[in-house]
file input15.cif (mmCIF, C-alpha atoms)
data_coords
#
loop_
_atom_site.label_atom_id
_atom_site.label_comp_id
_atom_site.auth_asym_id
_atom_site.auth_seq_id
_atom_site.Cartn_x
_atom_site.Cartn_y
_atom_site.Cartn_z
CA MET A 1 25.74 -3.28 -6.28
CA ILE A 2 27.66 -1.02 -8.68
CA PHE A 3 31.46 -0.66 -8.73
CA ARG A 4 33.38 2.25 -10.22
CA PHE A 5 36.56 4.36 -9.92
CA GLU A 6 36.03 8.06 -9.27
CA ASP A 7 39.38 8.91 -10.93
CA PRO A 8 39.92 6.04 -13.40
CA HIS A 9 42.60 7.92 -15.36
CA LEU A 10 44.99 7.36 -12.44
CA LEU A 11 44.90 3.65 -13.23
CA LEU A 12 47.23 4.45 -16.12
CA LEU A 13 49.97 4.58 -13.50
CA LEU A 14 49.63 0.80 -13.20
CA GLY A 15 51.61 0.65 -16.45
CA ALA A 16 54.66 1.75 -14.48
CA VAL A 17 54.67 -1.46 -12.42
CA PRO A 18 55.83 -3.84 -15.20
CA VAL A 19 58.36 -1.20 -16.34
CA LEU A 20 59.82 -1.04 -12.84
CA GLY A 21 59.87 -4.84 -12.74
CA TRP A 22 61.83 -4.95 -15.99
CA TRP A 23 64.22 -2.29 -14.70
CA TYR A 24 64.74 -4.28 -11.50
CA ALA A 25 65.55 -7.44 -13.45
CA VAL A 26 68.04 -5.67 -15.76
CA ARG A 27 69.65 -3.82 -12.87
CA GLY A 28 69.99 -7.06 -10.92
CA ARG A 29 71.98 -8.70 -13.71
CA GLY A 30 74.31 -5.74 -14.07
CA ARG A 31 75.33 -5.22 -10.50
CA ARG A 32 77.12 -7.15 -7.82
CA GLU A 33 74.46 -8.98 -5.91
CA SER A 34 74.02 -8.55 -2.21
CA LEU A 35 72.84 -11.60 -0.37
CA ARG A 36 69.72 -11.56 1.72
CA HIS A 37 69.34 -14.41 4.16
CA PRO A 38 67.96 -14.73 7.64
CA ASP A 39 70.81 -16.53 9.37
CA VAL A 40 74.37 -17.64 9.04
CA ALA A 41 73.38 -21.27 8.65
CA GLY A 42 71.55 -20.24 5.56
CA LEU A 43 74.79 -18.89 4.07
CA VAL A 44 76.05 -22.42 3.72
CA ARG A 45 72.92 -23.51 1.87
CA ALA A 46 72.91 -20.36 -0.23
CA GLY A 47 76.06 -21.46 -1.94
CA GLY A 48 74.00 -24.07 -3.76
CA GLY A 49 71.38 -21.51 -4.83
CA GLU A 50 68.67 -22.92 -2.56
CA GLY A 51 67.68 -19.54 -1.06
CA ARG A 52 68.45 -17.16 -3.92
CA TRP A 53 64.76 -16.42 -4.56
CA MET A 54 64.46 -14.80 -1.13
CA GLN A 55 66.45 -11.76 -2.23
CA HIS A 56 63.56 -10.82 -4.53
CA VAL A 57 60.87 -10.84 -1.80
CA PRO A 58 61.28 -7.13 -0.84
CA ALA A 59 60.99 -6.06 -4.47
CA VAL A 60 57.85 -8.15 -4.93
CA LEU A 61 56.32 -6.65 -1.80
CA ARG A 62 57.21 -3.16 -3.02
CA GLY A 63 55.62 -3.82 -6.40
CA LEU A 64 52.40 -5.16 -4.85
CA ALA A 65 52.31 -2.15 -2.53
CA LEU A 66 52.62 0.16 -5.52
CA LEU A 67 49.70 -1.63 -7.23
CA CYS A 68 47.51 -1.21 -4.14
CA LEU A 69 48.39 2.48 -3.72
CA VAL A 70 47.62 3.30 -7.36
CA VAL A 71 44.23 1.57 -7.04
CA ALA A 72 43.58 3.53 -3.82
CA PHE A 73 44.46 6.85 -5.50
CA ALA A 74 41.91 6.03 -8.26
CA ARG A 75 39.23 6.03 -5.50
CA PRO A 76 37.28 2.78 -5.91
CA GLN A 77 33.62 3.14 -4.93
CA THR A 78 30.60 0.87 -4.59
CA GLY A 79 27.11 2.18 -5.13
CA VAL A 80 23.57 1.15 -4.28
CA THR A 81 20.86 2.14 -6.75
CA GLY A 82 17.43 3.24 -5.56
CA GLU A 83 14.56 5.43 -6.60
CA ASN A 84 12.40 8.20 -5.22
CA VAL A 85 8.74 7.94 -6.16
CA VAL A 86 6.91 11.27 -6.25
CA THR A 87 3.14 11.07 -6.59
CA GLU A 88 0.39 13.64 -6.95
CA GLY A 89 -2.70 11.99 -5.53
CA ILE A 90 -6.26 12.62 -6.61
CA ASP A 91 -9.13 13.33 -4.23
CA ILE A 92 -12.28 11.51 -5.33
CA VAL A 93 -15.76 11.53 -3.79
CA LEU A 94 -18.25 8.85 -4.82
CA ALA A 95 -21.85 10.12 -4.65
CA LEU A 96 -24.36 7.24 -4.80
CA ASP A 97 -28.13 7.38 -5.13
CA ILE A 98 -29.83 4.97 -2.69
CA SER A 99 -33.44 5.91 -3.38
CA SER A 100 -36.06 3.15 -3.65
CA SER A 101 -35.94 3.13 -7.46
CA MET A 102 -32.38 1.79 -7.18
CA LEU A 103 -33.96 -1.59 -6.39
CA ALA A 104 -34.93 -1.94 -10.07
CA GLU A 105 -33.49 -5.13 -11.54
CA ASP A 106 -32.41 -3.98 -14.99
CA LEU A 107 -28.81 -4.02 -13.68
CA ALA A 108 -28.06 -7.43 -12.20
CA PRO A 109 -28.91 -8.24 -9.49
CA ASN A 110 -30.36 -4.74 -9.09
CA ARG A 111 -29.14 -1.17 -9.52
CA ILE A 112 -28.05 -0.60 -5.94
CA GLU A 113 -26.11 -3.85 -5.61
CA ALA A 114 -24.45 -3.37 -9.00
CA ALA A 115 -23.50 0.21 -8.11
CA LYS A 116 -22.10 -0.90 -4.74
CA ALA A 117 -20.01 -3.71 -6.21
CA VAL A 118 -18.51 -1.61 -8.99
CA ALA A 119 -17.85 1.37 -6.70
CA ALA A 120 -16.10 -0.89 -4.17
CA GLU A 121 -13.93 -2.34 -6.93
CA PHE A 122 -13.09 1.18 -8.09
CA ALA A 123 -12.06 2.21 -4.56
CA ALA A 124 -9.96 -0.92 -4.10
CA GLY A 125 -8.05 -0.18 -7.30
CA ARG A 126 -6.87 3.30 -6.31
CA ARG A 127 -3.29 4.00 -5.24
CA ASN A 128 -2.20 7.14 -3.37
CA ASP A 129 -5.65 8.73 -3.90
CA ARG A 130 -8.01 9.78 -1.14
CA ILE A 131 -11.57 8.47 -1.47
CA GLY A 132 -14.74 9.81 0.15
CA LEU A 133 -18.35 8.58 0.08
CA VAL A 134 -21.59 10.58 -0.07
CA ILE A 135 -25.06 9.00 -0.29
CA PHE A 136 -28.32 10.66 -1.15
CA ALA A 137 -32.03 9.97 -1.58
CA GLY A 138 -34.46 12.56 -0.19
CA LYS A 139 -31.46 14.09 1.64
CA ALA A 140 -27.69 13.79 1.35
CA PHE A 141 -25.14 12.64 3.91
CA THR A 142 -21.40 12.08 4.06
CA GLN A 143 -20.68 8.45 4.88
CA ALA A 144 -16.90 8.70 4.69
CA PRO A 145 -14.68 11.81 4.50
CA LEU A 146 -11.66 11.73 2.23
CA THR A 147 -9.34 8.96 3.38
CA LEU A 148 -6.55 6.66 2.23
CA ASP A 149 -8.09 3.82 4.23
CA TYR A 150 -9.79 2.10 1.32
CA SER A 151 -10.94 -0.80 3.48
CA VAL A 152 -13.15 1.55 5.50
CA VAL A 153 -14.73 3.01 2.36
CA ILE A 154 -15.27 -0.44 0.87
CA SER A 155 -16.87 -1.63 4.11
CA LEU A 156 -19.23 1.37 4.22
CA ILE A 157 -20.20 0.84 0.58
CA GLY A 158 -21.07 -2.76 1.39
CA GLU A 159 -23.40 -1.66 4.20
CA LEU A 160 -25.47 0.68 2.03
CA GLU A 161 -29.16 -0.17 1.78
CA VAL A 162 -32.23 1.44 0.29
CA GLY A 163 -34.26 3.00 3.11
CA MET A 164 -31.30 4.37 5.11
CA ILE A 165 -32.51 7.86 4.11
CA GLU A 166 -36.05 9.07 3.50
CA ASP A 167 -37.03 8.47 -0.07
CA GLY A 168 -36.64 10.91 -2.94
CA THR A 169 -33.90 11.92 -5.35
CA ALA A 170 -31.97 14.99 -4.21
CA VAL A 171 -29.33 14.94 -6.94
CA GLY A 172 -28.37 18.60 -6.40
CA MET A 173 -27.90 18.10 -2.65
CA GLY A 174 -25.87 14.92 -3.24
CA LEU A 175 -23.54 16.78 -5.60
CA ALA A 176 -23.30 19.84 -3.36
CA THR A 177 -22.40 17.66 -0.36
CA ALA A 178 -19.71 15.87 -2.38
CA VAL A 179 -18.28 19.19 -3.60
CA LYS A 180 -18.19 20.50 -0.03
CA ARG A 181 -16.07 17.50 0.95
CA LEU A 182 -13.51 18.68 -1.63
CA GLN A 183 -13.63 22.37 -0.74
CA ALA A 184 -10.49 22.30 1.41
CA SER A 185 -8.65 19.80 -0.78
CA GLU A 186 -5.20 20.77 -2.07
CA ALA A 187 -4.95 17.80 -4.44
CA ALA A 188 -3.85 18.42 -8.03
CA SER A 189 -7.09 16.84 -9.23
CA LYS A 190 -10.49 16.88 -7.46
CA VAL A 191 -13.21 14.60 -8.78
CA VAL A 192 -16.81 13.62 -8.04
CA VAL A 193 -18.32 10.45 -9.52
CA LEU A 194 -22.10 10.80 -9.18
CA LEU A 195 -24.46 7.92 -9.94
CA THR A 196 -28.24 8.26 -10.01
CA ASP A 197 -31.19 6.61 -11.75
CA GLY A 198 -33.68 9.47 -11.63
CA ARG A 199 -34.23 13.21 -11.78
CA ASN A 200 -33.88 15.80 -9.06
CA ASN A 201 -37.12 16.12 -7.05
CA ARG A 202 -35.97 17.05 -3.57
CA GLY A 203 -33.55 19.42 -1.82
CA GLU A 204 -32.81 23.14 -1.76
CA ILE A 205 -30.03 23.04 -4.39
CA ASP A 206 -30.60 22.00 -7.98
CA PRO A 207 -27.94 19.98 -9.87
CA VAL A 208 -26.89 22.80 -12.24
CA THR A 209 -26.28 25.22 -9.35
CA ALA A 210 -24.22 22.55 -7.57
CA ALA A 211 -22.27 22.02 -10.80
CA GLN A 212 -21.46 25.72 -10.99
CA ALA A 213 -20.12 25.59 -7.45
CA ALA A 214 -18.01 22.57 -8.43
CA GLU A 215 -16.61 24.45 -11.41
CA ALA A 216 -15.67 27.40 -9.21
CA LEU A 217 -13.71 25.09 -6.89
CA GLY A 218 -11.99 23.25 -9.73
CA VAL A 219 -13.90 20.02 -9.15
CA ARG A 220 -14.51 17.78 -12.17
CA VAL A 221 -17.77 15.80 -12.11
CA TYR A 222 -18.43 12.51 -13.90
CA THR A 223 -22.13 11.69 -13.96
CA ILE A 224 -23.61 8.24 -14.52
CA GLY A 225 -27.24 7.59 -15.37
CA ALA A 226 -28.11 4.06 -14.20
CA GLY A 227 -30.99 2.25 -15.89
CA SER A 228 -32.01 0.57 -19.10
CA HIS A 229 -34.09 2.28 -21.75
CA GLY A 230 -37.86 1.90 -21.52
CA THR A 231 -39.18 0.13 -18.42
CA ALA A 232 -37.79 -1.89 -15.53
CA ARG A 233 -39.13 -4.20 -12.82
CA VAL A 234 -39.03 -2.87 -9.28
CA PRO A 235 -39.89 -5.02 -6.21
CA VAL A 236 -42.33 -3.40 -3.74
CA PRO A 237 -43.90 -4.79 -0.58
CA ASP A 238 -47.67 -5.24 -0.50
CA ARG A 239 -49.81 -4.48 2.55
CA PHE A 240 -49.10 -7.97 3.92
CA GLY A 241 -45.32 -7.53 3.71
CA ASN A 242 -44.89 -9.79 0.71
CA ARG A 243 -42.77 -8.81 -2.27
CA ARG A 244 -44.41 -8.10 -5.56
CA TYR A 245 -43.11 -6.47 -8.72
CA VAL A 246 -44.30 -3.42 -10.55
CA THR A 247 -43.11 -2.16 -13.91
CA THR A 248 -42.00 1.45 -13.95
CA ARG A 249 -40.68 3.76 -16.63
CA VAL A 250 -36.97 4.44 -16.50
CA ASP A 251 -36.67 8.16 -15.90
CA VAL A 252 -33.02 9.20 -16.03
CA ASP A 253 -32.66 12.98 -16.48
CA GLU A 254 -29.94 12.77 -19.09
CA PRO A 255 -29.98 16.45 -20.19
CA THR A 256 -29.34 17.62 -16.63
CA LEU A 257 -26.68 15.03 -15.91
CA ARG A 258 -24.94 15.88 -19.18
CA ALA A 259 -25.08 19.60 -18.38
CA VAL A 260 -23.57 18.98 -14.93
CA ALA A 261 -20.67 17.02 -16.41
CA GLU A 262 -19.99 19.50 -19.23
CA THR A 263 -20.08 22.47 -16.83
CA THR A 264 -17.25 20.99 -14.78
CA GLY A 265 -15.16 19.52 -17.61
CA GLY A 266 -16.24 15.97 -16.86
CA ARG A 267 -18.26 13.42 -18.85
CA TYR A 268 -21.72 11.91 -18.77
CA TYR A 269 -22.22 8.14 -19.11
CA ARG A 270 -25.26 5.91 -19.39
CA ALA A 271 -25.13 2.49 -17.75
CA THR A 272 -27.86 0.27 -19.14
CA ASP A 273 -26.54 -2.95 -17.61
CA ARG A 274 -23.89 -4.24 -15.17
CA GLU A 275 -21.24 -4.67 -17.88
CA SER A 276 -21.57 -1.11 -19.16
CA LEU A 277 -21.40 0.22 -15.59
CA GLU A 278 -18.12 -1.67 -15.03
CA ALA A 279 -16.76 -0.30 -18.31
CA ILE A 280 -17.67 3.25 -17.26
CA TYR A 281 -15.76 2.99 -13.99
CA ARG A 282 -12.77 1.51 -15.81
CA GLU A 283 -12.75 4.45 -18.20
CA ILE A 284 -12.97 6.95 -15.34
CA ASP A 285 -10.15 5.08 -13.64
CA GLU A 286 -7.99 5.52 -16.74
CA LEU A 287 -8.92 9.19 -17.08
CA GLU A 288 -8.12 9.93 -13.45
CA THR A 289 -4.75 8.26 -13.05
CA THR A 290 -2.32 9.47 -10.42
CA GLU A 291 0.87 10.99 -11.81
CA ILE A 292 3.92 9.05 -10.64
CA GLN A 293 7.41 10.43 -11.18
CA VAL A 294 10.30 8.07 -10.54
CA GLU A 295 13.72 9.58 -9.87
CA ASN A 296 16.55 7.03 -10.00
CA PHE A 297 19.66 7.67 -7.93
CA THR A 298 22.83 5.83 -6.93
CA HIS A 299 24.51 6.39 -3.57
CA TYR A 300 28.26 5.71 -3.71
CA GLY A 301 30.48 4.82 -0.77
CA GLU A 302 34.26 5.23 -0.76
CA ARG A 303 36.31 2.01 -0.70
CA PHE A 304 39.81 3.48 -1.26
CA HIS A 305 40.81 2.68 2.32
CA LEU A 306 40.93 -1.06 1.57
CA PRO A 307 43.72 -0.99 -1.07
CA LEU A 308 45.40 1.88 0.84
CA VAL A 309 45.67 -0.20 4.02
CA ALA A 310 46.84 -3.21 1.99
CA GLY A 311 49.55 -1.09 0.33
CA LEU A 312 50.79 0.31 3.63
CA VAL A 313 50.87 -3.16 5.19
CA LEU A 314 52.95 -4.45 2.27
CA LEU A 315 55.39 -1.54 2.60
CA LEU A 316 55.67 -2.16 6.32
CA ALA A 317 56.28 -5.87 5.68
CA GLU A 318 59.07 -5.01 3.25
CA LEU A 319 60.66 -2.66 5.80
CA VAL A 320 60.47 -5.15 8.67
CA LEU A 321 61.73 -8.10 6.63
CA GLY A 322 64.56 -5.99 5.17
CA ARG A 323 65.74 -5.03 8.65
CA THR A 324 65.36 -8.45 10.24
CA TRP A 325 64.82 -11.80 8.56
CA LEU A 326 65.93 -10.66 5.10
CA ARG A 327 68.66 -8.26 6.14
CA THR A 328 71.28 -7.30 3.56
CA LEU A 329 74.84 -8.54 3.79
CA PRO A 330 77.27 -6.47 1.63
#
call {"tool": "encode", "arguments": {"input": "input15.cif", "output": "structure tokens"}}
result
Amino acid sequence: MIFRFEDPHLLLLLGAVPVLGWWYAVRGRGRRESLRHPDVAGLVRAGGGEGRWMQHVPAVLRGLALLCLVVAFARPQTGVTGENVVTEGIDIVLALDISSSMLAEDLAPNRIEAAKAVAAEFAAGRRNDRIGLVIFAGKAFTQAPLTLDYSVVISLIGELEVGMIEDGTAVGMGLATAVKRLQASEAASKVVVLLTDGRNNRGEIDPVTAAQAAEALGVRVYTIGAGSHGTARVPVPDRFGNRRYVTTRVDVDEPTLRAVAETTGGRYYRATDRESLEAIYREIDELETTEIQVENFTHYGERFHLPLVAGLVLLLAELVLGRTWLRTLP
């Protein structure tokens, strides 16, 4: 709560109150006193000075009334401070590769589970930004359109599994589908975060063409190549349904992923383990931060009526007492 006077210079008039009090005292000594008393019986007691103070009551009331009226004229106000928060949200689509190679265990516990966990954490940390989800393998599908319901996106990320889509790595189709989700967006910033562990080998659209479309629509693409350098263990079922491991060469198409990012004004990252993947998402989170503008304001309410009413009541009290209980006898 804030208190102020709209016209504080009027408070200078309060200096007249002690001057008038001094004038009243001097004038009272220099004139023949009238006697104020409520009844005749009091006249007898007044001779001993017992009720002499009563004659000053009207003047005191008048002085207090003057104080209240001056304060009222200065317009006392109380204010409540608040703020308006203006945000410009970002529209972000996460495009995740769920091909069979994402089962490789060079990112603990494996690439797909690491990618899911970090992507879910990224979605949970957004504020005022819409998030969408696209998945791809041999084909690409939209799992979640742009939404502010982060719990839905996080739940869908948690349900992702290798094998939901026929196998393959359609990076271009995954990117094109994500860009299409942002086509009608009016957000100040439109972003795709694409994660894959391979090179484009399926689909009608290649990654560079999809990147050019993204650039035309003002979409910035961050690409992440998931996988260690060299080889990685990948679990595969044998003909009896048992799990066995094979060692495969890590085949991230870094030149293409870098070209996609640079075409759109984004960045390319390489995640060789779980920790580096988490660091990448943290960096993207810092790069794509929603602008928040805070406008402080104070709303003032008039309170002049309180001292005004008090002043008028005091003046009325002086008038009533002067005509009745404290009437003047010449």
call {"tool": "resolve_selection", "arguments": {"input": "input15.cif", "expression": "the PyMOL selection byres ((chain A and resi 193) around 7)", "output": "PyMOL selection string"}}
result
chain A and resi 93-95+191-192+194-195+221-223
call {"tool": "atom_distance", "arguments": {"input": "input15.cif", "atom1": "atom CA of A:Ile224", "atom2": "atom CA of A:Ala176"}}
result
16.1 Å
call {"tool": "closest_residue", "arguments": {"input": "input15.cif", "among": "A:Ser99, A:Thr324, A:Thr256, A:Thr272", "to": "A:Thr231", "atoms": "all atoms listed in the file"}}
result
A:Thr272
call {"tool": "closest_atom_pairs", "arguments": {"input": "input15.cif", "of": "stretch 235-317 of chain A", "to": "stretch 149-170 of chain A", "cutoff": "12 Å", "atoms": "all atoms listed in the file", "output": "CSV"}}
result
residue,atom,partner,partner_atom,distance
A:Pro235,CA,A:Val162,CA,11.9
A:Val236,CA,A:Val162,CA,11.9
A:Asp251,CA,A:Thr169,CA,11.5
A:Val252,CA,A:Thr169,CA,11.1
A:Asp253,CA,A:Thr169,CA,11.2
call {"tool": "closest_residue", "arguments": {"input": "input15.cif", "among": "A:Gly172, A:Pro237, A:Gly125, A:Gly79", "to": "A:Ala137", "atoms": "all atoms listed in the file"}}
result
A:Gly172
call {"tool": "resolve_selection", "arguments": {"input": "input15.cif", "expression": "the PyMOL selection byres ((chain A and resi 105) around 10)", "output": "list of chain:residue names"}}
result
A:Ser101, A:Met102, A:Leu103, A:Ala104, A:Asp106, A:Leu107, A:Ala108, A:Pro109, A:Asn110, A:Arg111, A:Ile112, A:Glu113, A:Ala114, A:Gly227, A:Ser228, A:Ala232, A:Arg233, A:Val234, A:Pro235, A:Asp273
call {"tool": "resolve_selection", "arguments": {"input": "input15.cif", "expression": "the PyMOL selection byres ((chain A and resi 72) around 7)", "output": "PyMOL selection string"}}
result
chain A and resi 68-71+73-76+304-305+307-308
call {"tool": "write_last_selection", "arguments": {"input": "input15.cif", "atoms": "C-alpha atoms", "output": "JSON list (two decimals), in the coordinates of the input"}}
result
[["chain", "number", "residue", "atom", "x", "y", "z"],
["A", 68, "CYS", "CA", 47.51, -1.21, -4.14],
["A", 69, "LEU", "CA", 48.39, 2.48, -3.72],
["A", 70, "VAL", "CA", 47.62, 3.30, -7.36],
["A", 71, "VAL", "CA", 44.23, 1.57, -7.04],
["A", 73, "PHE", "CA", 44.46, 6.85, -5.50],
["A", 74, "ALA", "CA", 41.91, 6.03, -8.26],
["A", 75, "ARG", "CA", 39.23, 6.03, -5.50],
["A", 76, "PRO", "CA", 37.28, 2.78, -5.91],
["A", 304, "PHE", "CA", 39.81, 3.48, -1.26],
["A", 305, "HIS", "CA", 40.81, 2.68, 2.32],
["A", 307, "PRO", "CA", 43.72, -0.99, -1.07],
["A", 308, "LEU", "CA", 45.40, 1.88, 0.84]]
call {"tool": "closest_residue", "arguments": {"input": "input15.cif", "among": "A:Gly21, A:Pro8, A:Pro58, A:Gly266", "to": "A:Arg323", "atoms": "all atoms listed in the file"}}
result
A:Pro58
call {"tool": "closest_residue", "arguments": {"input": "input15.cif", "among": "A:Leu314, A:Asp238, A:Arg244, A:Gly138", "to": "A:Asn201", "atoms": "all atoms listed in the file"}}
result
A:Gly138
call {"tool": "atom_distance", "arguments": {"input": "input15.cif", "atom1": "atom CA of A:Leu182", "atom2": "atom CA of A:Ala117"}}
result
23.8 Å
call {"tool": "residues_near_point", "arguments": {"input": "input15.cif", "point": "(-12.4, 14.0, 2.1)", "cutoff": "7 Å", "atoms": "all atoms listed in the file", "output": "ChimeraX atom specification"}}
result
/A:130-132,145-147,181-182
call {"tool": "residues_around", "arguments": {"input": "input15.cif", "residues": "A:Ala115", "least_positions_apart": "6", "cutoff": "9 Å", "atoms": "all atoms listed in the file", "output": "list in words"}}
result
Leu96, Leu107, Leu195, Ala226, Arg274, Leu277 and Glu278 of chain A
call {"tool": "build_atoms", "arguments": {"input": "input15.cif", "residues": "stretch 197-205 of chain A", "atoms": "all heavy atoms", "output": "compact mmCIF listing (two decimals), in the frame of the given file"}}
result
# COMPACT_ATOMS: atom_id res chain seq x y z
N ASP A 197 -30.30 7.23 -10.75
CA ASP A 197 -31.19 6.61 -11.75
C ASP A 197 -32.45 7.44 -11.99
O ASP A 197 -33.40 6.96 -12.60
CB ASP A 197 -31.59 5.20 -11.29
CG ASP A 197 -32.47 5.22 -10.04
OD1 ASP A 197 -32.53 6.27 -9.35
OD2 ASP A 197 -33.09 4.19 -9.74
N GLY A 198 -32.44 8.68 -11.49
CA GLY A 198 -33.68 9.47 -11.63
C GLY A 198 -33.39 10.93 -11.93
O GLY A 198 -32.34 11.29 -12.44
N ARG A 199 -34.36 11.76 -11.58
CA ARG A 199 -34.23 13.21 -11.78
C ARG A 199 -34.43 13.90 -10.44
O ARG A 199 -35.11 13.41 -9.55
CB ARG A 199 -35.20 13.72 -12.83
CG ARG A 199 -36.66 13.49 -12.55
CD ARG A 199 -37.54 14.03 -13.69
NE ARG A 199 -37.29 13.34 -14.95
CZ ARG A 199 -36.82 13.96 -16.02
NH1 ARG A 199 -36.53 15.26 -15.98
NH2 ARG A 199 -36.64 13.30 -17.14
N ASN A 200 -33.84 15.06 -10.31
CA ASN A 200 -33.88 15.80 -9.06
C ASN A 200 -35.32 16.19 -8.71
O ASN A 200 -36.03 16.82 -9.49
CB ASN A 200 -33.03 17.06 -9.19
CG ASN A 200 -32.85 17.80 -7.88
OD1 ASN A 200 -32.11 17.33 -7.03
ND2 ASN A 200 -33.53 18.93 -7.70
N ASN A 201 -35.78 15.77 -7.50
CA ASN A 201 -37.12 16.12 -7.05
C ASN A 201 -37.17 16.53 -5.58
O ASN A 201 -38.26 16.70 -5.03
CB ASN A 201 -38.11 14.97 -7.31
CG ASN A 201 -37.68 13.67 -6.65
OD1 ASN A 201 -36.95 13.68 -5.66
ND2 ASN A 201 -38.13 12.56 -7.21
N ARG A 202 -36.02 16.64 -4.97
CA ARG A 202 -35.97 17.05 -3.57
C ARG A 202 -34.77 17.94 -3.35
O ARG A 202 -33.85 18.00 -4.17
CB ARG A 202 -35.86 15.82 -2.65
CG ARG A 202 -37.04 14.86 -2.69
CD ARG A 202 -38.25 15.43 -1.94
NE ARG A 202 -37.94 15.63 -0.54
CZ ARG A 202 -38.07 14.68 0.40
NH1 ARG A 202 -38.45 13.46 0.06
NH2 ARG A 202 -37.83 14.96 1.67
N GLY A 203 -34.72 18.65 -2.21
CA GLY A 203 -33.55 19.42 -1.82
C GLY A 203 -33.63 20.87 -2.23
O GLY A 203 -34.36 21.25 -3.15
N GLU A 204 -32.82 21.69 -1.54
CA GLU A 204 -32.81 23.14 -1.76
C GLU A 204 -31.89 23.55 -2.89
O GLU A 204 -31.96 24.70 -3.37
CB GLU A 204 -32.36 23.86 -0.48
CG GLU A 204 -33.26 23.64 0.74
CD GLU A 204 -32.97 22.31 1.44
OE1 GLU A 204 -31.90 21.72 1.15
OE2 GLU A 204 -33.81 21.87 2.24
N ILE A 205 -30.99 22.68 -3.34
CA ILE A 205 -30.03 23.04 -4.39
C ILE A 205 -30.28 22.16 -5.61
O ILE A 205 -30.36 20.94 -5.51
CB ILE A 205 -28.58 22.85 -3.89
CG1 ILE A 205 -28.32 23.70 -2.64
CG2 ILE A 205 -27.57 23.20 -4.97
CD1 ILE A 205 -26.95 23.50 -2.03
